[in-house]
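Trainee: Contents of target-v8.cif (mmCIF, C-alpha atoms and all ligand atoms) are given next:
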data_protein
loop_
_atom_site.label_atom_id
_atom_site.label_comp_id
_atom_site.auth_asym_id
_atom_site.auth_seq_id
_atom_site.Cartn_x
_atom_site.Cartn_y
_atom_site.Cartn_z
CA MET A 5 118.13 -108.11 116.57
CA SER A 6 121.47 -106.84 117.95
CA LEU A 7 123.82 -104.76 115.79
CA ALA A 8 126.29 -107.69 115.55
CA GLU A 9 123.53 -110.04 114.40
CA ASP A 10 122.33 -107.46 111.89
CA VAL A 11 125.88 -107.06 110.49
CA ASN A 12 126.31 -110.82 110.28
CA ALA A 13 123.04 -111.29 108.46
CA TYR A 14 123.94 -108.53 105.96
CA MET A 15 127.40 -110.00 105.33
CA HIS A 16 125.92 -113.44 104.84
CA ALA A 17 123.17 -112.22 102.51
CA HIS A 18 125.64 -110.36 100.28
CA ASN A 19 128.56 -112.85 100.30
CA ILE A 20 130.81 -110.16 101.73
CA LEU A 21 133.36 -112.56 103.20
CA GLU A 22 133.83 -114.44 99.90
CA ILE A 23 134.04 -111.21 97.89
CA THR A 24 136.60 -109.68 100.26
CA GLN A 25 138.66 -112.88 100.45
CA ALA A 26 138.87 -113.03 96.65
CA ALA A 27 140.05 -109.39 96.54
CA ILE A 28 142.69 -110.08 99.21
CA LYS A 29 143.83 -113.22 97.35
CA SER A 30 144.38 -111.28 94.12
CA ALA A 31 146.53 -108.66 95.93
CA VAL A 32 148.57 -111.37 97.69
CA LYS A 33 148.99 -113.37 94.47
CA GLN A 34 150.45 -110.32 92.74
CA ARG A 35 152.59 -109.39 95.77
CA SER A 36 151.49 -105.89 94.85
CA PRO A 37 153.15 -102.93 96.62
CA THR A 38 149.75 -101.22 96.38
CA PRO A 39 147.32 -103.87 97.65
CA ALA A 40 144.49 -101.41 98.23
CA GLN A 41 144.56 -100.49 94.56
CA VAL A 42 144.57 -104.13 93.41
CA MET A 43 141.72 -104.93 95.77
CA ALA A 44 139.71 -101.91 94.65
CA GLU A 45 140.15 -102.90 90.98
CA HIS A 46 139.20 -106.50 91.77
CA LEU A 47 136.06 -105.40 93.60
CA LEU A 48 135.05 -103.04 90.79
CA ALA A 49 135.51 -105.76 88.15
CA ALA A 50 133.48 -108.21 90.27
CA HIS A 51 130.75 -105.59 90.65
CA ARG A 52 130.67 -104.90 86.89
CA LYS A 53 130.36 -108.63 86.14
CA SER A 54 127.45 -108.97 88.56
CA GLN A 55 125.47 -106.19 86.84
CA PRO A 56 123.08 -106.81 83.93
CA LYS A 57 124.98 -106.47 80.65
CA ARG A 58 124.80 -103.03 79.07
CA PRO A 59 124.50 -103.33 75.28
CA LEU A 60 127.68 -102.50 73.33
CA VAL A 61 127.52 -99.82 70.66
CA ALA A 62 130.04 -99.04 67.92
CA PHE A 63 129.51 -95.84 65.95
CA VAL A 64 130.40 -95.98 62.25
CA LEU A 65 131.46 -92.79 60.50
CA GLY A 66 133.12 -91.65 57.28
CA GLY A 67 132.29 -89.49 54.26
CA PRO A 68 129.25 -90.23 52.10
CA GLY A 69 129.99 -93.41 50.14
CA ALA A 70 133.01 -94.36 52.28
CA GLY A 71 131.70 -97.91 52.62
CA LYS A 72 130.04 -97.71 56.05
CA GLY A 73 126.97 -99.71 55.03
CA THR A 74 129.07 -102.23 53.10
CA GLN A 75 131.33 -102.98 56.09
CA CYS A 76 128.38 -102.98 58.52
CA ALA A 77 126.68 -105.70 56.45
CA LYS A 78 129.80 -107.84 56.81
CA ILE A 79 130.03 -107.23 60.55
CA VAL A 80 126.38 -108.30 60.93
CA GLU A 81 126.93 -111.43 58.90
CA SER A 82 130.16 -112.48 60.56
CA LEU A 83 130.02 -111.12 64.11
CA GLY A 84 126.32 -111.04 64.97
CA PHE A 85 125.78 -107.31 65.39
CA VAL A 86 122.51 -105.52 64.74
CA HIS A 87 122.99 -102.75 62.16
CA LEU A 88 121.12 -99.48 62.62
CA SER A 89 121.69 -96.88 59.94
CA ALA A 90 120.51 -93.41 60.96
CA GLY A 91 120.12 -92.55 57.27
CA ASP A 92 117.99 -95.67 56.59
CA LEU A 93 115.78 -94.95 59.61
CA LEU A 94 115.27 -91.36 58.46
CA ARG A 95 114.48 -92.47 54.89
CA GLU A 96 111.93 -94.94 56.31
CA GLU A 97 110.37 -92.22 58.50
CA ARG A 98 110.23 -89.87 55.50
CA LYS A 99 107.71 -92.23 53.89
CA SER A 100 105.20 -91.50 56.68
CA GLY A 101 103.85 -88.53 54.71
CA SER A 102 103.73 -86.38 57.86
CA ALA A 103 105.07 -82.83 58.22
CA GLN A 104 108.11 -84.41 59.84
CA GLY A 105 108.51 -86.61 56.75
CA ALA A 106 108.57 -83.55 54.51
CA MET A 107 111.16 -81.88 56.73
CA ILE A 108 113.39 -85.00 56.60
CA ASP A 109 113.04 -85.10 52.81
CA GLU A 110 114.27 -81.53 52.53
CA PHE A 111 117.21 -82.09 54.90
CA ILE A 112 118.35 -85.21 53.02
CA LYS A 113 118.26 -83.52 49.61
CA GLU A 114 120.21 -80.58 51.03
CA GLY A 115 122.73 -82.88 52.73
CA LYS A 116 121.87 -81.27 56.06
CA ILE A 117 121.71 -83.05 59.42
CA VAL A 118 118.22 -83.59 60.83
CA PRO A 119 117.74 -82.33 64.44
CA VAL A 120 118.77 -85.02 66.89
CA GLU A 121 115.38 -85.22 68.65
CA VAL A 122 114.01 -86.90 65.52
CA THR A 123 116.96 -89.22 64.86
CA ILE A 124 117.56 -90.37 68.42
CA LYS A 125 113.92 -91.38 68.85
CA LEU A 126 114.18 -93.63 65.80
CA LEU A 127 117.52 -95.09 66.89
CA LEU A 128 116.44 -95.81 70.45
CA ALA A 129 113.16 -97.39 69.36
CA ALA A 130 115.11 -99.72 67.04
CA ILE A 131 117.65 -100.62 69.76
CA GLU A 132 114.93 -101.30 72.33
CA LYS A 133 113.02 -103.47 69.87
CA ALA A 134 116.07 -105.59 69.00
CA ASP A 135 117.03 -105.94 72.66
CA ARG A 136 113.48 -106.84 73.73
CA LEU A 137 112.66 -109.24 70.88
CA HIS A 138 116.03 -110.88 70.30
CA ASN A 139 118.04 -109.98 73.42
CA SER A 140 120.56 -108.32 71.07
CA LYS A 141 123.53 -106.76 72.85
CA LEU A 142 125.82 -105.72 69.98
CA PHE A 143 124.82 -102.67 67.94
CA LEU A 144 126.37 -100.81 65.03
CA VAL A 145 125.05 -97.27 64.85
CA ASP A 146 125.93 -96.18 61.31
CA GLY A 147 126.04 -92.51 60.30
CA PHE A 148 125.69 -91.17 63.80
CA PRO A 149 126.68 -88.89 65.58
CA ARG A 150 127.03 -86.68 62.50
CA ASN A 151 127.43 -83.32 64.27
CA THR A 152 127.69 -81.80 67.74
CA ASN A 153 123.89 -81.63 68.00
CA ASN A 154 123.73 -85.44 67.43
CA LEU A 155 126.51 -85.93 69.96
CA ALA A 156 124.86 -83.79 72.66
CA GLY A 157 121.51 -85.54 72.09
CA TRP A 158 123.12 -88.97 72.48
CA GLN A 159 124.94 -87.95 75.66
CA LYS A 160 121.81 -86.43 77.17
CA THR A 161 119.41 -89.23 76.24
CA VAL A 162 121.59 -92.34 76.33
CA GLY A 163 124.59 -91.33 78.44
CA ASP A 164 126.17 -94.43 79.97
CA THR A 165 123.14 -96.70 79.68
CA LEU A 166 124.74 -98.16 76.54
CA LEU A 167 128.47 -98.85 76.40
CA LEU A 168 130.34 -97.10 73.58
CA GLY A 169 133.04 -99.59 72.54
CA GLY A 170 134.56 -97.53 69.77
CA VAL A 171 134.08 -95.44 66.64
CA LEU A 172 134.94 -96.98 63.27
CA VAL A 173 136.00 -94.29 60.79
CA TYR A 174 136.48 -94.96 57.06
CA ASN A 175 138.70 -92.48 55.23
CA VAL A 176 138.34 -92.06 51.47
CA GLU A 177 139.25 -89.05 49.31
CA GLU A 178 136.39 -87.08 47.73
CA ARG A 179 137.31 -87.92 44.13
CA ILE A 180 136.72 -91.64 44.81
CA LEU A 181 133.61 -90.99 46.91
CA GLU A 182 132.09 -88.93 44.12
CA GLU A 183 132.69 -91.72 41.59
CA ARG A 184 131.18 -94.32 43.91
CA LEU A 185 128.09 -92.25 44.70
CA LEU A 186 127.39 -91.29 41.09
CA GLU A 187 127.68 -94.97 40.16
CA ARG A 188 125.39 -95.94 43.05
CA GLY A 189 122.98 -93.16 42.01
CA LYS A 190 122.28 -94.96 38.71
CA SER A 191 120.29 -97.59 40.63
CA SER A 192 119.87 -96.51 44.29
CA GLY A 193 116.85 -94.27 43.80
CA ARG A 194 118.29 -92.03 46.53
CA THR A 195 117.38 -88.36 46.18
CA ASP A 196 120.85 -87.35 47.39
CA ASP A 197 123.02 -89.47 45.05
CA ASN A 198 123.30 -86.61 42.52
CA ILE A 199 126.19 -84.23 42.07
CA GLU A 200 124.51 -81.19 43.75
CA SER A 201 123.54 -83.12 46.88
CA ILE A 202 126.87 -84.98 46.93
CA LYS A 203 128.83 -81.68 47.08
CA LYS A 204 126.60 -80.47 49.92
CA ARG A 205 127.09 -83.76 51.80
CA PHE A 206 130.87 -83.43 51.44
CA ASN A 207 130.71 -79.94 52.95
CA THR A 208 128.53 -81.12 55.82
CA PHE A 209 130.91 -84.00 56.51
CA LYS A 210 133.94 -81.69 56.61
CA SER A 211 132.43 -78.92 58.67
CA GLU A 212 130.14 -80.86 61.01
CA THR A 213 131.25 -84.51 61.29
CA THR A 214 135.02 -84.00 61.43
CA PRO A 215 134.83 -82.22 64.82
CA VAL A 216 132.88 -85.18 66.24
CA ILE A 217 135.58 -87.58 65.03
CA GLU A 218 138.24 -85.33 66.60
CA TYR A 219 136.30 -85.39 69.87
CA TYR A 220 136.28 -89.19 69.94
CA LYS A 221 139.98 -89.26 68.98
CA CYS A 222 140.70 -87.32 72.16
CA LEU A 223 138.91 -90.09 74.08
CA ASP A 224 141.02 -92.71 72.29
CA LEU A 225 137.93 -94.41 70.88
CA VAL A 226 138.58 -93.99 67.14
CA HIS A 227 139.71 -96.81 64.83
CA GLU A 228 140.59 -95.42 61.40
CA PHE A 229 140.63 -97.40 58.17
CA ASP A 230 141.85 -96.63 54.67
CA GLY A 231 138.49 -97.15 52.96
CA ALA A 232 139.89 -96.61 49.44
CA ARG A 233 141.17 -100.19 49.28
CA SER A 234 139.13 -103.14 48.05
CA ILE A 235 136.09 -104.17 50.10
CA ASP A 236 137.88 -107.35 51.24
CA GLU A 237 141.03 -105.51 52.32
CA VAL A 238 139.00 -103.03 54.36
CA TRP A 239 137.06 -105.95 55.82
CA THR A 240 140.20 -107.76 57.02
CA ASP A 241 141.11 -104.76 59.22
CA THR A 242 137.54 -104.06 60.24
CA LYS A 243 137.01 -107.65 61.34
CA SER A 244 140.05 -107.80 63.60
CA THR A 245 139.21 -104.44 65.18
CA VAL A 246 135.60 -105.37 65.91
CA GLN A 247 136.59 -108.83 67.18
CA ALA A 248 138.99 -107.19 69.65
CA MET A 249 136.27 -104.76 70.73
CA VAL A 250 133.85 -107.62 71.42
CA ALA A 251 136.50 -109.65 73.27
CA LYS A 252 137.18 -106.68 75.59
CA TYR A 253 133.45 -106.21 76.13
CA GLU A 254 132.90 -109.89 76.95
CA SER A 255 135.81 -110.02 79.38
CA GLU A 256 134.77 -106.88 81.24
CA ASN A 257 131.01 -107.39 81.37
N1 LIG A 301 136.02 -100.58 49.37
C1 LIG A 301 135.21 -100.29 48.34
N2 LIG A 301 135.68 -100.23 47.08
C2 LIG A 301 134.86 -99.94 46.05
N3 LIG A 301 133.54 -99.68 46.16
C3 LIG A 301 133.01 -99.72 47.39
C4 LIG A 301 133.81 -100.02 48.54
N4 LIG A 301 133.01 -99.99 49.63
C5 LIG A 301 131.79 -99.68 49.19
N5 LIG A 301 131.77 -99.52 47.85
C6 LIG A 301 130.63 -99.14 47.00
O1 LIG A 301 130.47 -97.73 47.16
C7 LIG A 301 129.11 -97.39 47.29
C8 LIG A 301 128.88 -96.72 48.65
O2 LIG A 301 129.10 -97.71 49.67
P1 LIG A 301 128.21 -97.72 50.98
O3 LIG A 301 126.78 -97.60 50.62
O4 LIG A 301 128.64 -98.88 51.78
O5 LIG A 301 128.74 -96.37 51.64
P2 LIG A 301 128.17 -95.54 52.87
O6 LIG A 301 129.34 -94.97 53.54
O7 LIG A 301 127.24 -96.35 53.67
O8 LIG A 301 127.37 -94.42 52.07
P3 LIG A 301 126.27 -93.36 52.59
O9 LIG A 301 126.84 -92.63 53.74
O10 LIG A 301 126.05 -92.49 51.42
O11 LIG A 301 125.04 -94.14 52.95
C9 LIG A 301 128.31 -98.66 47.11
O12 LIG A 301 127.88 -98.73 45.79
C10 LIG A 301 129.32 -99.77 47.44
O13 LIG A 301 129.06 -100.94 46.72
N1 LIG A 302 122.65 -88.85 61.92
C1 LIG A 302 122.15 -88.56 60.70
C2 LIG A 302 122.33 -89.42 59.61
C3 LIG A 302 121.81 -89.08 58.39
N2 LIG A 302 121.12 -87.94 58.23
C4 LIG A 302 120.55 -87.54 56.94
O1 LIG A 302 120.43 -88.64 56.06
C5 LIG A 302 121.27 -88.44 54.91
C6 LIG A 302 121.78 -89.74 54.40
O2 LIG A 302 122.56 -90.38 55.39
P1 LIG A 302 123.46 -91.65 55.03
O3 LIG A 302 124.17 -92.02 56.29
O4 LIG A 302 122.55 -92.71 54.55
O5 LIG A 302 124.40 -91.21 53.97
C7 LIG A 302 122.35 -87.45 55.38
O6 LIG A 302 122.97 -86.74 54.35
C8 LIG A 302 121.48 -86.53 56.25
O7 LIG A 302 120.70 -85.66 55.47
C9 LIG A 302 120.94 -87.11 59.32
O8 LIG A 302 120.31 -86.05 59.20
N3 LIG A 302 121.44 -87.43 60.53
#
Let me see the file written as structure tokens.
Mentor:
Amino acid sequence: MSLAEDVNAYMHAHNILEITQAAIKSAVKQRSPTPAQVMAEHLLAAHRKSQPKRPLVAFVLGGPGAGKGTQCAKIVESLGFVHLSAGDLLREERKSGSAQGAMIDEFIKEGKIVPVEVTIKLLLAAIEKADRLHNSKLFLVDGFPRNTNNLAGWQKTVGDTLLLGGVLVYNVEERILEERLLERGKSSGRTDDNIESIKKRFNTFKSETTPVIEYYKCLDLVHEFDGARSIDEVWTDTKSTVQAMVAKYESEN
């Protein structure tokens, strides 16, 4: 086969003429003074659309008792996300009775953050299972990343294989959080819904989670909510934010 024939066959096999014509059309349509830029953007968008969809992840953060789980349940019900709570997965793993289970138990009571190697394994297994069994593409990862160790572990293990759409952050003052958690503690059976653990969890949130939120603010990914309002008021804002996030994801992927 000659070089010209080879080139022709390649162009035909990969629709190169059609792709290039569409890029040229979009530059001409816009009468852009920078056609190369318009064409490059058009080609990139076309490439992204032709790739298999990366699942969308939204992280959910806020102090203990800020209403993360409550809002996540509503997002699941109304917008079809899969909810993965790092805390729930760790509590489930704790039941295993292994040495790792005992370690998790101790960390939870002390309000400390479990090393990311443990947490990320549980999170990824749950994401893979939901994707494989139900082809789920929308995930809420609740209570993660809680510190810089969590963040580094996510970046190293997951990187860009999942698309981080945003970070939902619920702000509530400690006085209200304490009241909520002590009330919840009357029936939750949680070993950390007592005043000693609650104080420790507040300290961990301030010293370890706040820097993670600041990091994501610098990337313009944070959506903050006043979580001290009623559940329905918080939900109204949460819903519109998450709907916008999904719309952007659908249009770009
Ligand atoms: N906006 C709200 N107003 C009043 N009470 C709320 C509100 N949101 C949640 N609650 C209540 O506060 C308690 C804590 O809420 P939730 O479990 O959703 O918080 P969380 O952030 O997931 O907590 P944690 O991090 O400890 O798991 C629950 O008993 C819940 O019913
Ligand atoms: N990324 C995480 C999340 C949670 N933990 C531990 O679980 C406790 C409870 O978490 P909730 O989100 O359910 O409040 C938390 O205080 C930590 O001890 C963790 O280690 N890492």
Trainee: Identify, on the basis of only C-alpha atoms, every residue whose closest approach to Ala50 of chain A does not exceed 12 Å; exclude the query and any residue fewer than 2 positions from it along the same chain; express the result as a PDB file with C-alpha atoms, in the coordinates of the input.
Mentor:
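Result file result26.pdb:
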ATOM      1  CA  ILE A  20     130.810-110.160 101.730  1.00  0.00           C
ATOM      2  CA  GLU A  22     133.830-114.440  99.900  1.00  0.00           C
ATOM      3  CA  ILE A  23     134.040-111.210  97.890  1.00  0.00           C
ATOM      4  CA  THR A  24     136.600-109.680 100.260  1.00  0.00           C
ATOM      5  CA  ALA A  26     138.870-113.030  96.650  1.00  0.00           C
ATOM      6  CA  ALA A  27     140.050-109.390  96.540  1.00  0.00           C
ATOM      7  CA  SER A  30     144.380-111.280  94.120  1.00  0.00           C
ATOM      8  CA  MET A  43     141.720-104.930  95.770  1.00  0.00           C
ATOM      9  CA  ALA A  44     139.710-101.910  94.650  1.00  0.00           C
ATOM     10  CA  GLU A  45     140.150-102.900  90.980  1.00  0.00           C
ATOM     11  CA  HIS A  46     139.200-106.500  91.770  1.00  0.00           C
ATOM     12  CA  LEU A  47     136.060-105.400  93.600  1.00  0.00           C
ATOM     13  CA  LEU A  48     135.050-103.040  90.790  1.00  0.00           C
ATOM     14  CA  ARG A  52     130.670-104.900  86.890  1.00  0.00           C
ATOM     15  CA  LYS A  53     130.360-108.630  86.140  1.00  0.00           C
ATOM     16  CA  SER A  54     127.450-108.970  88.560  1.00  0.00           C
ATOM     17  CA  GLN A  55     125.470-106.190  86.840  1.00  0.00           C
ATOM     18  CA  SER A 255     135.810-110.020  79.380  1.00  0.00           C
ATOM     19  CA  GLU A 256     134.770-106.880  81.240  1.00  0.00           C
ATOM     20  CA  ASN A 257     131.010-107.390  81.370  1.00  0.00           C
TER      21      ASN A 257
END
Trainee: Could you give me, as a PDB file with C-alpha atoms, keeping the file's coordinate frame, the residues within 7 Å of Val171 of chain A, counting only C-alpha atoms and dropping anything in the same chain fewer than 2 positions from it?
Mentor:
ATOM      1  CA  ALA A  62     130.040 -99.040  67.920  1.00  0.00           C
ATOM      2  CA  PHE A  63     129.510 -95.840  65.950  1.00  0.00           C
ATOM      3  CA  VAL A  64     130.400 -95.980  62.250  1.00  0.00           C
ATOM      4  CA  VAL A 173     136.000 -94.290  60.790  1.00  0.00           C
ATOM      5  CA  LEU A 225     137.930 -94.410  70.880  1.00  0.00           C
ATOM      6  CA  VAL A 226     138.580 -93.990  67.140  1.00  0.00           C
ATOM      7  CA  HIS A 227     139.710 -96.810  64.830  1.00  0.00           C
TER       8      HIS A 227
END
Trainee: Using only C-alpha atoms and all ligand atoms, pick whichever of A:Cys222, A:Leu65, A:Leu166, A:Ala251 has the shortest atom-to-atom distance to ligand LIG 301 (chain A).
Mentor: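 Comparing A:Cys222, A:Leu65, A:Leu166, A:Ala251 against ligand LIG 301 (chain A), the winner is A:Leu65.
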Trainee: As an exercise, work out the distance from atom CA of Tyr220 of chain A to atom CA of Asp164 of chain A in Å and give it to one decimal place.
Mentor: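 Value for the atom CA of Tyr220 of chain A-atom CA of Asp164 of chain A distance: 15.2 Å.
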Trainee: Which residues, written as a list in words, have at least one atom at most 10 Å from segment 123-128 of chain A, with all atoms listed in the file counted and residues fewer than 2 positions away on the same chain left out?
Mentor: Leu88, Ser89, Ala90, Gly91, Leu93, Leu94, Glu96, Glu97, Ile108, Ile117, Val118, Pro119, Val120, Glu121, Ala130, Ile131, Glu132, Lys133, Ala134, Val145, Phe148, Pro149, Asn154, Gly157, Trp158, Thr161 and Val162 of chain A
Trainee: Go ahead and write the selection's residues with C-alpha atoms as a PDB file, keeping the file's coordinate frame.
Mentor:
ATOM      1  CA  LEU A  88     121.120 -99.480  62.620  1.00  0.00           C
ATOM      2  CA  SER A  89     121.690 -96.880  59.940  1.00  0.00           C
ATOM      3  CA  ALA A  90     120.510 -93.410  60.960  1.00  0.00           C
ATOM      4  CA  GLY A  91     120.120 -92.550  57.270  1.00  0.00           C
ATOM      5  CA  LEU A  93     115.780 -94.950  59.610  1.00  0.00           C
ATOM      6  CA  LEU A  94     115.270 -91.360  58.460  1.00  0.00           C
ATOM      7  CA  GLU A  96     111.930 -94.940  56.310  1.00  0.00           C
ATOM      8  CA  GLU A  97     110.370 -92.220  58.500  1.00  0.00           C
ATOM      9  CA  ILE A 108     113.390 -85.000  56.600  1.00  0.00           C
ATOM     10  CA  ILE A 117     121.710 -83.050  59.420  1.00  0.00           C
ATOM     11  CA  VAL A 118     118.220 -83.590  60.830  1.00  0.00           C
ATOM     12  CA  PRO A 119     117.740 -82.330  64.440  1.00  0.00           C
ATOM     13  CA  VAL A 120     118.770 -85.020  66.890  1.00  0.00           C
ATOM     14  CA  GLU A 121     115.380 -85.220  68.650  1.00  0.00           C
ATOM     15  CA  ALA A 130     115.110 -99.720  67.040  1.00  0.00           C
ATOM     16  CA  ILE A 131     117.650-100.620  69.760  1.00  0.00           C
ATOM     17  CA  GLU A 132     114.930-101.300  72.330  1.00  0.00           C
ATOM     18  CA  LYS A 133     113.020-103.470  69.870  1.00  0.00           C
ATOM     19  CA  ALA A 134     116.070-105.590  69.000  1.00  0.00           C
ATOM     20  CA  VAL A 145     125.050 -97.270  64.850  1.00  0.00           C
ATOM     21  CA  PHE A 148     125.690 -91.170  63.800  1.00  0.00           C
ATOM     22  CA  PRO A 149     126.680 -88.890  65.580  1.00  0.00           C
ATOM     23  CA  ASN A 154     123.730 -85.440  67.430  1.00  0.00           C
ATOM     24  CA  GLY A 157     121.510 -85.540  72.090  1.00  0.00           C
ATOM     25  CA  TRP A 158     123.120 -88.970  72.480  1.00  0.00           C
ATOM     26  CA  THR A 161     119.410 -89.230  76.240  1.00  0.00           C
ATOM     27  CA  VAL A 162     121.590 -92.340  76.330  1.00  0.00           C
TER      28      VAL A 162
END
Trainee: Kindly indicate which residue among A:Thr165, A:Ser234, A:Ser192, A:Thr240 lies nearest to ligand LIG 302 (chain A), using only C-alpha atoms and all ligand atoms for the distances.
Mentor: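 Nearest candidate to ligand LIG 302 (chain A) out of A:Thr165, A:Ser234, A:Ser192, A:Thr240: A:Ser192.
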Trainee: Would you please work out which residue, of A:Asp241, A:His87, A:Pro68, A:Arg205, is nearest to Arg188 of chain A when using all atoms listed in the file?
Mentor: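 Of the candidates, the smallest distance to Arg188 of chain A is held by A:Pro68.
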Trainee: With a cut-off of 10 Å, could you pull out the residues of chain A touching ligand LIG 301 (chain A) and give me the nearest pair of atoms for each, distance in Å to one decimal, using all atoms listed in the file, ordered by chain and ascending number, as a tab-separated table?
Mentor:
residue	atom	partner	partner_atom	distance
A:Val64	CA	A:LIG301	O6	8.8
A:Leu65	CA	A:LIG301	O6	7.6
A:Gly66	CA	A:LIG301	O6	6.3
A:Gly67	CA	A:LIG301	O6	6.3
A:Pro68	CA	A:LIG301	O9	3.8
A:Gly69	CA	A:LIG301	O8	3.4
A:Ala70	CA	A:LIG301	O6	3.9
A:Gly71	CA	A:LIG301	O4	3.3
A:Lys72	CA	A:LIG301	O6	3.8
A:Gly73	CA	A:LIG301	O7	3.6
A:Thr74	CA	A:LIG301	O4	3.6
A:Gln75	CA	A:LIG301	O4	6.5
A:Cys76	CA	A:LIG301	O4	7.9
A:Ala77	CA	A:LIG301	O4	8.5
A:Ser89	CA	A:LIG301	O11	8.2
A:Ala90	CA	A:LIG301	O11	9.2
A:Gly91	CA	A:LIG301	O11	6.7
A:Asp92	CA	A:LIG301	O11	8.1
A:Asp146	CA	A:LIG301	O7	7.8
A:Gly147	CA	A:LIG301	O9	6.6
A:Val173	CA	A:LIG301	O6	9.9
A:Tyr174	CA	A:LIG301	O6	8.0
A:Asn175	CA	A:LIG301	O6	9.8
A:Val176	CA	A:LIG301	N1	9.1
A:Ile180	CA	A:LIG301	C2	8.6
A:Leu181	CA	A:LIG301	O1	7.4
A:Glu182	CA	A:LIG301	O1	9.5
A:Glu183	CA	A:LIG301	O1	8.5
A:Arg184	CA	A:LIG301	O1	4.8
A:Leu185	CA	A:LIG301	C7	5.8
A:Leu186	CA	A:LIG301	O12	8.8
A:Glu187	CA	A:LIG301	O12	6.8
A:Arg188	CA	A:LIG301	O12	4.6
A:Gly189	CA	A:LIG301	O12	8.3
A:Lys190	CA	A:LIG301	O12	9.8
A:Ser191	CA	A:LIG301	O12	9.2
A:Ser192	CA	A:LIG301	O12	8.4
A:Arg194	CA	A:LIG301	O10	9.2
A:Asp196	CA	A:LIG301	O10	8.3
A:Asp197	CA	A:LIG301	O10	7.7
A:Ile202	CA	A:LIG301	O10	8.8
A:Arg205	CA	A:LIG301	O10	8.8
A:Phe209	CA	A:LIG301	O9	9.9
A:Asp230	CA	A:LIG301	N1	8.8
A:Gly231	CA	A:LIG301	N1	5.5
A:Ala232	CA	A:LIG301	N1	5.5
A:Arg233	CA	A:LIG301	N1	5.2
A:Ser234	CA	A:LIG301	N1	4.2
A:Ile235	CA	A:LIG301	N1	3.7
A:Asp236	CA	A:LIG301	N1	7.3
A:Glu237	CA	A:LIG301	N1	7.6
A:Val238	CA	A:LIG301	N1	6.3
A:Trp239	CA	A:LIG301	N1	8.5
Trainee: Kindly indicate which residue among A:Gln159, A:Asn19, A:Asn153, A:Thr214 lies nearest to ligand LIG 302 (chain A), using all atoms listed in the file for the distances.
Mentor: A:Asn153
Trainee: Quick check, in Å to one decimal: how far apart do atom CA of Leu167 of chain A and atom CA of Val61 of chain A lie?
Mentor: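 A separation of 5.9 Å between them.
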